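See below for structure_24.cif, which holds mmCIF, N, CA and C atoms.
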```cif
data_coords
loop_
_atom_site.label_atom_id
_atom_site.label_comp_id
_atom_site.auth_asym_id
_atom_site.auth_seq_id
_atom_site.Cartn_x
_atom_site.Cartn_y
_atom_site.Cartn_z
N GLY A 1 38.49 -14.77 14.80
CA GLY A 1 39.63 -14.32 14.05
C GLY A 1 39.18 -13.55 12.82
N LEU A 2 40.16 -13.28 12.02
CA LEU A 2 39.92 -12.52 10.79
C LEU A 2 39.71 -13.42 9.57
N ALA A 3 39.86 -14.71 9.73
CA ALA A 3 39.67 -15.63 8.61
C ALA A 3 38.20 -15.67 8.20
N THR A 4 37.95 -15.73 6.90
CA THR A 4 36.57 -15.79 6.41
C THR A 4 36.41 -16.97 5.48
N ASN A 5 35.19 -17.40 5.37
CA ASN A 5 34.84 -18.50 4.49
C ASN A 5 34.05 -17.91 3.33
N ARG A 6 34.59 -18.00 2.09
CA ARG A 6 33.93 -17.38 0.94
C ARG A 6 32.54 -17.95 0.69
N ALA A 7 32.35 -19.23 0.89
CA ALA A 7 31.03 -19.83 0.67
C ALA A 7 30.02 -19.27 1.67
N ALA A 8 30.45 -19.15 2.92
CA ALA A 8 29.55 -18.60 3.94
C ALA A 8 29.23 -17.14 3.63
N MET A 9 30.22 -16.39 3.19
CA MET A 9 29.99 -14.99 2.83
C MET A 9 29.01 -14.88 1.66
N GLY A 10 29.10 -15.81 0.72
CA GLY A 10 28.15 -15.83 -0.40
C GLY A 10 26.73 -16.07 0.08
N ASP A 11 26.56 -17.00 1.02
CA ASP A 11 25.25 -17.27 1.59
C ASP A 11 24.70 -16.04 2.31
N ILE A 12 25.57 -15.40 3.08
CA ILE A 12 25.14 -14.20 3.81
C ILE A 12 24.76 -13.10 2.82
N TRP A 13 25.53 -12.93 1.74
CA TRP A 13 25.23 -11.89 0.76
C TRP A 13 23.90 -12.17 0.06
N ARG A 14 23.63 -13.43 -0.30
CA ARG A 14 22.35 -13.76 -0.95
C ARG A 14 21.17 -13.41 -0.05
N PHE A 15 21.27 -13.72 1.23
CA PHE A 15 20.22 -13.36 2.17
C PHE A 15 20.19 -11.85 2.36
N GLY A 16 21.35 -11.25 2.53
CA GLY A 16 21.44 -9.82 2.79
C GLY A 16 20.92 -8.97 1.64
N ARG A 17 21.19 -9.37 0.41
CA ARG A 17 20.71 -8.55 -0.71
C ARG A 17 19.20 -8.61 -0.85
N ALA A 18 18.60 -9.75 -0.55
CA ALA A 18 17.13 -9.82 -0.57
C ALA A 18 16.55 -8.94 0.54
N LEU A 19 17.17 -8.98 1.70
CA LEU A 19 16.73 -8.14 2.81
C LEU A 19 16.92 -6.66 2.48
N LEU A 20 18.05 -6.33 1.88
CA LEU A 20 18.32 -4.95 1.49
C LEU A 20 17.29 -4.47 0.47
N ALA A 21 17.00 -5.28 -0.53
CA ALA A 21 16.00 -4.91 -1.53
C ALA A 21 14.63 -4.70 -0.89
N SER A 22 14.28 -5.57 0.05
CA SER A 22 13.00 -5.43 0.75
C SER A 22 12.95 -4.13 1.54
N ARG A 23 14.04 -3.80 2.22
CA ARG A 23 14.08 -2.57 3.01
C ARG A 23 14.03 -1.33 2.10
N LEU A 24 14.67 -1.39 0.95
CA LEU A 24 14.63 -0.25 0.02
C LEU A 24 13.22 -0.04 -0.53
N VAL A 25 12.52 -1.12 -0.81
CA VAL A 25 11.13 -1.01 -1.27
C VAL A 25 10.27 -0.43 -0.16
N GLN A 26 10.47 -0.87 1.07
CA GLN A 26 9.71 -0.32 2.20
C GLN A 26 9.99 1.17 2.37
N TYR A 27 11.24 1.56 2.23
CA TYR A 27 11.60 2.97 2.36
C TYR A 27 10.94 3.80 1.26
N ALA A 28 10.99 3.30 0.03
CA ALA A 28 10.35 4.01 -1.08
C ALA A 28 8.84 4.09 -0.88
N ASP A 29 8.27 3.02 -0.34
CA ASP A 29 6.83 2.99 -0.10
C ASP A 29 6.43 4.07 0.91
N ARG A 30 7.30 4.38 1.84
CA ARG A 30 7.01 5.42 2.83
C ARG A 30 7.35 6.81 2.29
N LEU A 31 8.39 6.90 1.45
CA LEU A 31 8.86 8.20 1.00
C LEU A 31 8.05 8.75 -0.18
N VAL A 32 7.70 7.93 -1.13
CA VAL A 32 7.05 8.39 -2.36
C VAL A 32 5.73 9.12 -2.09
N PRO A 33 4.83 8.60 -1.26
CA PRO A 33 3.60 9.36 -1.00
C PRO A 33 3.87 10.73 -0.38
N ARG A 34 4.80 10.78 0.55
CA ARG A 34 5.13 12.07 1.18
C ARG A 34 5.71 13.05 0.17
N LEU A 35 6.57 12.54 -0.68
CA LEU A 35 7.18 13.39 -1.71
C LEU A 35 6.11 13.91 -2.68
N ALA A 36 5.23 13.04 -3.13
CA ALA A 36 4.18 13.45 -4.06
C ALA A 36 3.24 14.46 -3.41
N ILE A 37 2.85 14.21 -2.18
CA ILE A 37 1.96 15.15 -1.48
C ILE A 37 2.67 16.48 -1.27
N GLY A 38 3.93 16.44 -0.89
CA GLY A 38 4.68 17.67 -0.68
C GLY A 38 4.82 18.49 -1.94
N VAL A 39 5.10 17.84 -3.05
CA VAL A 39 5.24 18.56 -4.32
C VAL A 39 3.89 19.12 -4.77
N ALA A 40 2.84 18.32 -4.64
CA ALA A 40 1.53 18.73 -5.14
C ALA A 40 0.80 19.69 -4.20
N LEU A 41 0.90 19.46 -2.90
CA LEU A 41 0.06 20.21 -1.95
C LEU A 41 0.81 21.02 -0.91
N GLY A 42 2.11 20.78 -0.76
CA GLY A 42 2.90 21.57 0.18
C GLY A 42 3.19 20.85 1.48
N ALA A 43 4.00 21.51 2.30
CA ALA A 43 4.48 20.92 3.54
C ALA A 43 3.38 20.68 4.56
N ALA A 44 2.40 21.58 4.62
CA ALA A 44 1.31 21.42 5.59
C ALA A 44 0.53 20.13 5.31
N ALA A 45 0.31 19.84 4.04
CA ALA A 45 -0.41 18.62 3.67
C ALA A 45 0.39 17.38 4.06
N VAL A 46 1.72 17.46 3.96
CA VAL A 46 2.56 16.33 4.38
C VAL A 46 2.40 16.10 5.88
N GLY A 47 2.32 17.17 6.65
CA GLY A 47 2.11 17.03 8.09
C GLY A 47 0.78 16.37 8.42
N LEU A 48 -0.27 16.75 7.71
CA LEU A 48 -1.59 16.14 7.92
C LEU A 48 -1.56 14.66 7.55
N PHE A 49 -0.91 14.36 6.42
CA PHE A 49 -0.78 12.97 5.99
C PHE A 49 0.01 12.17 7.03
N GLN A 50 1.08 12.76 7.54
CA GLN A 50 1.94 12.07 8.50
C GLN A 50 1.18 11.73 9.78
N LEU A 51 0.33 12.64 10.23
CA LEU A 51 -0.46 12.34 11.43
C LEU A 51 -1.39 11.16 11.17
N GLY A 52 -2.02 11.14 10.02
CA GLY A 52 -2.88 10.02 9.66
C GLY A 52 -2.10 8.72 9.54
N TRP A 53 -0.92 8.80 8.94
CA TRP A 53 -0.07 7.61 8.77
C TRP A 53 0.38 7.07 10.11
N ARG A 54 0.77 7.94 11.03
CA ARG A 54 1.20 7.49 12.35
C ARG A 54 0.04 6.85 13.11
N SER A 55 -1.17 7.38 12.93
CA SER A 55 -2.34 6.77 13.56
C SER A 55 -2.55 5.35 13.03
N TYR A 56 -2.44 5.21 11.71
CA TYR A 56 -2.55 3.89 11.08
C TYR A 56 -1.50 2.93 11.63
N GLU A 57 -0.23 3.39 11.66
CA GLU A 57 0.85 2.54 12.15
C GLU A 57 0.66 2.12 13.60
N LEU A 58 0.20 3.06 14.42
CA LEU A 58 -0.01 2.75 15.84
C LEU A 58 -1.06 1.66 16.01
N ILE A 59 -2.17 1.80 15.32
CA ILE A 59 -3.23 0.80 15.44
C ILE A 59 -2.78 -0.54 14.88
N GLN A 60 -2.03 -0.49 13.78
CA GLN A 60 -1.51 -1.73 13.21
C GLN A 60 -0.57 -2.43 14.19
N LYS A 61 0.31 -1.67 14.83
CA LYS A 61 1.25 -2.28 15.77
C LYS A 61 0.56 -2.85 17.00
N VAL A 62 -0.54 -2.23 17.39
CA VAL A 62 -1.26 -2.72 18.56
C VAL A 62 -2.13 -3.93 18.23
N LEU A 63 -2.80 -3.90 17.07
CA LEU A 63 -3.76 -4.95 16.75
C LEU A 63 -3.21 -6.07 15.86
N VAL A 64 -2.41 -5.73 14.87
CA VAL A 64 -2.02 -6.71 13.86
C VAL A 64 -0.67 -7.36 14.13
N THR A 65 0.31 -6.58 14.57
CA THR A 65 1.65 -7.12 14.76
C THR A 65 1.69 -8.29 15.74
N PRO A 66 1.02 -8.23 16.88
CA PRO A 66 1.04 -9.41 17.76
C PRO A 66 0.45 -10.65 17.09
N LEU A 67 -0.58 -10.45 16.27
CA LEU A 67 -1.16 -11.59 15.58
C LEU A 67 -0.21 -12.15 14.53
N THR A 68 0.57 -11.29 13.90
CA THR A 68 1.55 -11.74 12.92
C THR A 68 2.61 -12.62 13.59
N SER A 69 3.11 -12.17 14.72
CA SER A 69 4.10 -12.96 15.45
C SER A 69 3.53 -14.31 15.88
N LEU A 70 2.31 -14.29 16.35
CA LEU A 70 1.65 -15.52 16.76
C LEU A 70 1.44 -16.47 15.58
N SER A 71 1.03 -15.92 14.44
CA SER A 71 0.78 -16.78 13.28
C SER A 71 2.07 -17.39 12.76
N MET A 72 3.19 -16.66 12.84
CA MET A 72 4.47 -17.21 12.39
C MET A 72 4.86 -18.41 13.27
N ALA A 73 4.69 -18.26 14.56
CA ALA A 73 5.03 -19.36 15.47
C ALA A 73 4.09 -20.54 15.25
N THR A 74 2.83 -20.24 15.00
CA THR A 74 1.84 -21.30 14.80
C THR A 74 2.09 -22.06 13.50
N THR A 75 2.39 -21.34 12.43
CA THR A 75 2.62 -22.00 11.15
C THR A 75 3.90 -22.82 11.15
N ALA A 76 4.83 -22.50 12.02
CA ALA A 76 6.05 -23.30 12.11
C ALA A 76 5.72 -24.73 12.57
N ARG A 77 4.60 -24.87 13.26
CA ARG A 77 4.18 -26.21 13.72
C ARG A 77 3.75 -27.10 12.57
N ALA A 78 3.34 -26.51 11.45
CA ALA A 78 2.84 -27.31 10.32
C ALA A 78 3.92 -28.23 9.79
N ASP A 79 5.17 -27.79 9.78
CA ASP A 79 6.33 -28.61 9.42
C ASP A 79 6.11 -29.44 8.16
N GLY A 80 5.76 -28.78 7.08
CA GLY A 80 5.62 -29.47 5.80
C GLY A 80 4.24 -30.02 5.51
N ASP A 81 3.33 -29.98 6.44
CA ASP A 81 1.97 -30.47 6.23
C ASP A 81 1.15 -29.35 5.59
N LEU A 82 0.98 -29.42 4.27
CA LEU A 82 0.33 -28.35 3.52
C LEU A 82 -1.13 -28.14 3.94
N ALA A 83 -1.85 -29.22 4.21
CA ALA A 83 -3.25 -29.09 4.63
C ALA A 83 -3.35 -28.38 5.98
N LEU A 84 -2.49 -28.75 6.91
CA LEU A 84 -2.48 -28.10 8.22
C LEU A 84 -2.05 -26.63 8.09
N LEU A 85 -1.07 -26.37 7.25
CA LEU A 85 -0.62 -25.00 7.03
C LEU A 85 -1.74 -24.14 6.48
N ARG A 86 -2.46 -24.66 5.50
CA ARG A 86 -3.59 -23.93 4.92
C ARG A 86 -4.65 -23.65 5.99
N GLN A 87 -4.94 -24.64 6.80
CA GLN A 87 -5.94 -24.48 7.87
C GLN A 87 -5.47 -23.44 8.89
N LEU A 88 -4.22 -23.48 9.28
CA LEU A 88 -3.69 -22.52 10.25
C LEU A 88 -3.69 -21.10 9.70
N LEU A 89 -3.28 -20.94 8.44
CA LEU A 89 -3.26 -19.61 7.84
C LEU A 89 -4.66 -19.04 7.66
N THR A 90 -5.60 -19.87 7.26
CA THR A 90 -6.99 -19.42 7.13
C THR A 90 -7.53 -18.98 8.48
N GLY A 91 -7.27 -19.75 9.50
CA GLY A 91 -7.71 -19.37 10.85
C GLY A 91 -7.06 -18.09 11.31
N ALA A 92 -5.76 -17.93 11.04
CA ALA A 92 -5.06 -16.71 11.45
C ALA A 92 -5.62 -15.48 10.73
N MET A 93 -5.93 -15.62 9.45
CA MET A 93 -6.50 -14.50 8.71
C MET A 93 -7.88 -14.13 9.24
N ARG A 94 -8.65 -15.11 9.61
CA ARG A 94 -9.98 -14.83 10.16
C ARG A 94 -9.89 -14.11 11.50
N VAL A 95 -9.01 -14.58 12.36
CA VAL A 95 -8.84 -13.93 13.66
C VAL A 95 -8.32 -12.51 13.47
N SER A 96 -7.36 -12.35 12.56
CA SER A 96 -6.81 -11.02 12.29
C SER A 96 -7.89 -10.07 11.78
N ALA A 97 -8.71 -10.53 10.87
CA ALA A 97 -9.80 -9.70 10.36
C ALA A 97 -10.82 -9.39 11.45
N LEU A 98 -11.09 -10.35 12.29
CA LEU A 98 -12.05 -10.16 13.37
C LEU A 98 -11.58 -9.09 14.35
N VAL A 99 -10.27 -8.99 14.54
CA VAL A 99 -9.70 -8.01 15.46
C VAL A 99 -9.43 -6.68 14.75
N ALA A 100 -8.81 -6.75 13.57
CA ALA A 100 -8.33 -5.54 12.90
C ALA A 100 -9.44 -4.69 12.31
N TYR A 101 -10.38 -5.27 11.60
CA TYR A 101 -11.41 -4.46 10.95
C TYR A 101 -12.19 -3.59 11.93
N PRO A 102 -12.70 -4.16 13.01
CA PRO A 102 -13.40 -3.29 13.96
C PRO A 102 -12.48 -2.22 14.57
N GLY A 103 -11.22 -2.57 14.79
CA GLY A 103 -10.28 -1.61 15.36
C GLY A 103 -10.04 -0.43 14.43
N PHE A 104 -9.80 -0.71 13.15
CA PHE A 104 -9.55 0.36 12.19
C PHE A 104 -10.81 1.18 11.92
N VAL A 105 -11.93 0.51 11.76
CA VAL A 105 -13.20 1.23 11.52
C VAL A 105 -13.57 2.06 12.74
N GLY A 106 -13.39 1.50 13.92
CA GLY A 106 -13.68 2.25 15.14
C GLY A 106 -12.80 3.47 15.30
N ALA A 107 -11.51 3.32 14.98
CA ALA A 107 -10.60 4.46 15.07
C ALA A 107 -10.98 5.53 14.06
N ALA A 108 -11.38 5.12 12.85
CA ALA A 108 -11.81 6.09 11.85
C ALA A 108 -13.08 6.80 12.29
N ALA A 109 -13.96 6.09 12.99
CA ALA A 109 -15.21 6.70 13.44
C ALA A 109 -14.99 7.73 14.54
N ILE A 110 -14.02 7.48 15.42
CA ILE A 110 -13.81 8.44 16.51
C ILE A 110 -12.77 9.51 16.17
N ALA A 111 -12.15 9.42 15.00
CA ALA A 111 -11.11 10.38 14.61
C ALA A 111 -11.58 11.84 14.67
N PRO A 112 -12.82 12.16 14.23
CA PRO A 112 -13.23 13.57 14.29
C PRO A 112 -13.23 14.16 15.71
N THR A 113 -13.41 13.31 16.69
CA THR A 113 -13.38 13.78 18.08
C THR A 113 -11.99 13.59 18.69
N ALA A 114 -11.36 12.47 18.41
CA ALA A 114 -10.10 12.11 19.06
C ALA A 114 -8.94 13.00 18.62
N ILE A 115 -8.85 13.31 17.34
CA ILE A 115 -7.70 14.08 16.86
C ILE A 115 -7.68 15.49 17.44
N PRO A 116 -8.77 16.26 17.34
CA PRO A 116 -8.72 17.59 17.97
C PRO A 116 -8.54 17.53 19.48
N PHE A 117 -9.09 16.51 20.11
CA PHE A 117 -8.93 16.36 21.56
C PHE A 117 -7.48 16.08 21.92
N ALA A 118 -6.85 15.17 21.19
CA ALA A 118 -5.49 14.75 21.52
C ALA A 118 -4.42 15.75 21.08
N PHE A 119 -4.62 16.37 19.92
CA PHE A 119 -3.58 17.21 19.35
C PHE A 119 -3.93 18.69 19.28
N GLY A 120 -5.18 19.02 19.53
CA GLY A 120 -5.61 20.40 19.47
C GLY A 120 -6.42 20.68 18.22
N PRO A 121 -7.23 21.74 18.26
CA PRO A 121 -8.12 22.02 17.13
C PRO A 121 -7.40 22.37 15.83
N GLN A 122 -6.15 22.79 15.90
CA GLN A 122 -5.42 23.12 14.68
C GLN A 122 -5.15 21.88 13.82
N TRP A 123 -5.30 20.68 14.41
CA TRP A 123 -5.08 19.44 13.67
C TRP A 123 -6.38 18.85 13.12
N ALA A 124 -7.49 19.55 13.24
CA ALA A 124 -8.77 19.05 12.71
C ALA A 124 -8.70 18.72 11.21
N PRO A 125 -7.93 19.46 10.39
CA PRO A 125 -7.83 19.07 8.97
C PRO A 125 -7.19 17.70 8.74
N ALA A 126 -6.56 17.13 9.76
CA ALA A 126 -5.95 15.81 9.61
C ALA A 126 -6.96 14.69 9.76
N VAL A 127 -8.21 15.01 10.12
CA VAL A 127 -9.21 13.98 10.34
C VAL A 127 -9.48 13.19 9.06
N LEU A 128 -9.73 13.85 7.96
CA LEU A 128 -10.05 13.15 6.70
C LEU A 128 -8.89 12.28 6.23
N PRO A 129 -7.65 12.78 6.17
CA PRO A 129 -6.56 11.87 5.77
C PRO A 129 -6.43 10.68 6.71
N THR A 130 -6.63 10.90 7.99
CA THR A 130 -6.54 9.80 8.95
C THR A 130 -7.63 8.77 8.68
N GLN A 131 -8.85 9.23 8.45
CA GLN A 131 -9.94 8.31 8.18
C GLN A 131 -9.69 7.53 6.90
N ILE A 132 -9.17 8.19 5.87
CA ILE A 132 -8.89 7.48 4.61
C ILE A 132 -7.82 6.42 4.82
N LEU A 133 -6.77 6.76 5.54
CA LEU A 133 -5.71 5.78 5.78
C LEU A 133 -6.16 4.63 6.66
N LEU A 134 -7.04 4.90 7.60
CA LEU A 134 -7.54 3.83 8.47
C LEU A 134 -8.52 2.96 7.71
#
```

Represent the structure contained in this file as structure tokens.
Amino acid sequence: GLATNRAAMGDIWRFGRALLASRLVQYADRLVPRLAIGVALGAAAVGLFQLGWRSYELIQKVLVTPLTSLSMATTARADGDLALLRQLLTGAMRVSALVAYPGFVGAAAIAPTAIPFAFGPQWAPAVLPTQILL
């Protein structure tokens, strides 16, 4: 129906405003570097940065995001046990580092060959921004 509960709406708003603030910060985090690069170096530099950023995001989604989902489910098992939670989080960070660091370093190492091969030689200037972001 159309009836609403003011207390429930207040709870939803408190959660929603924190989520909204988080999303706005994420949006600014993505927009500000592009804006600064565009103003300082021009549109071509933004394109090079964007290719590097997308490479970073792709590797992160492949290597880190599954581990994040797994760690969230695992830490839910701690159920208030601070020592177990600390142990689980430390283990998750170690596994994440063991997987992510070689993946990012390896991608940065092959970028000089992979980027021109995948996108064409005109994208060779994107190698350095990609390596820095990785």

Just how far from CA of Ala108 (chain A) is atom N of Leu35 (chain A), in Å to one decimal?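 That distance, rounded to one decimal, is 23.2 Å.
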
Which neighbours of region 104-106 of chain A fall inside 6 Å, counting only C-alpha atoms, when residues of the same chain fewer than 3 positions from it are skipped, and could you give them as a ChimeraX atom specification? /A:101,109,134

Deliver the residues from the most recent selection as a file, using N, CA and C atoms, as a short mmCIF file (atom, residue, chain, number, x, y, z; two decimals), keeping the file's coordinate frame.
```
data_model
loop_
_atom_site.label_atom_id
_atom_site.label_comp_id
_atom_site.auth_asym_id
_atom_site.auth_seq_id
_atom_site.Cartn_x
_atom_site.Cartn_y
_atom_site.Cartn_z
N TYR A 101 -10.38 -5.27 11.60
CA TYR A 101 -11.41 -4.46 10.95
C TYR A 101 -12.19 -3.59 11.93
N ALA A 109 -13.96 6.09 12.99
CA ALA A 109 -15.21 6.70 13.44
C ALA A 109 -14.99 7.73 14.54
N LEU A 134 -7.04 4.90 7.60
CA LEU A 134 -7.54 3.83 8.47
C LEU A 134 -8.52 2.96 7.71
#
```

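Between atom N of Gln122 (chain A) and atom C of Ala100 (chain A) the interatomic distance comes to 27.9 Å.
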
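Between Tyr56 (chain A) and the residues A:Ala40, A:Ala111, A:Ala73, A:Met93, the shortest atom-to-atom distance, using only C-alpha atoms, involves A:Ala111.
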
Mind giving me the axis-aligned box for region 100-118 of chain A with 3 Å on every side, centre plus edges in Å to one decimal, as lines of an AutoDock Vina configuration file?
```
center_x = -9.8
center_y = 5.4
center_z = 16.4
size_x = 16.8
size_y = 30.3
size_z = 17.0
```

Given the PyMOL selection byres (((chain A and resi 57-65 and name CA) around 8) and name CA), the residues it picks as a PyMOL selection string: chain A and resi 53-56+66-69+96+99-100+103-104

Distance in Å - atom N of Trp13 (chain A) versus atom C of Thr75 (chain A): 25.6 Å

Name the residues that the PyMOL selection byres (((chain A and resi 34 and name CA) around 12) and name CA) picks from the file above, as a list in words, using the file's chain letters and numbers. Tyr27, Ala28, Asp29, Arg30, Leu31, Val32, Pro33, Leu35, Ala36, Ile37, Gly38, Val39, Ala40, Leu41, Gly42, Ala43, Ala44, Ala45, Val46, Gly47, Leu48, Phe49, Gln50, Leu51, Gly52 and Trp53 of chain A

Between A:Pro112, A:Ala92, A:Pro121, A:Asp11, single out the one closest to Leu70 (chain A), counting only C-alpha atoms.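 Looking at the shortest contact to Leu70 (chain A), the residue is A:Ala92.
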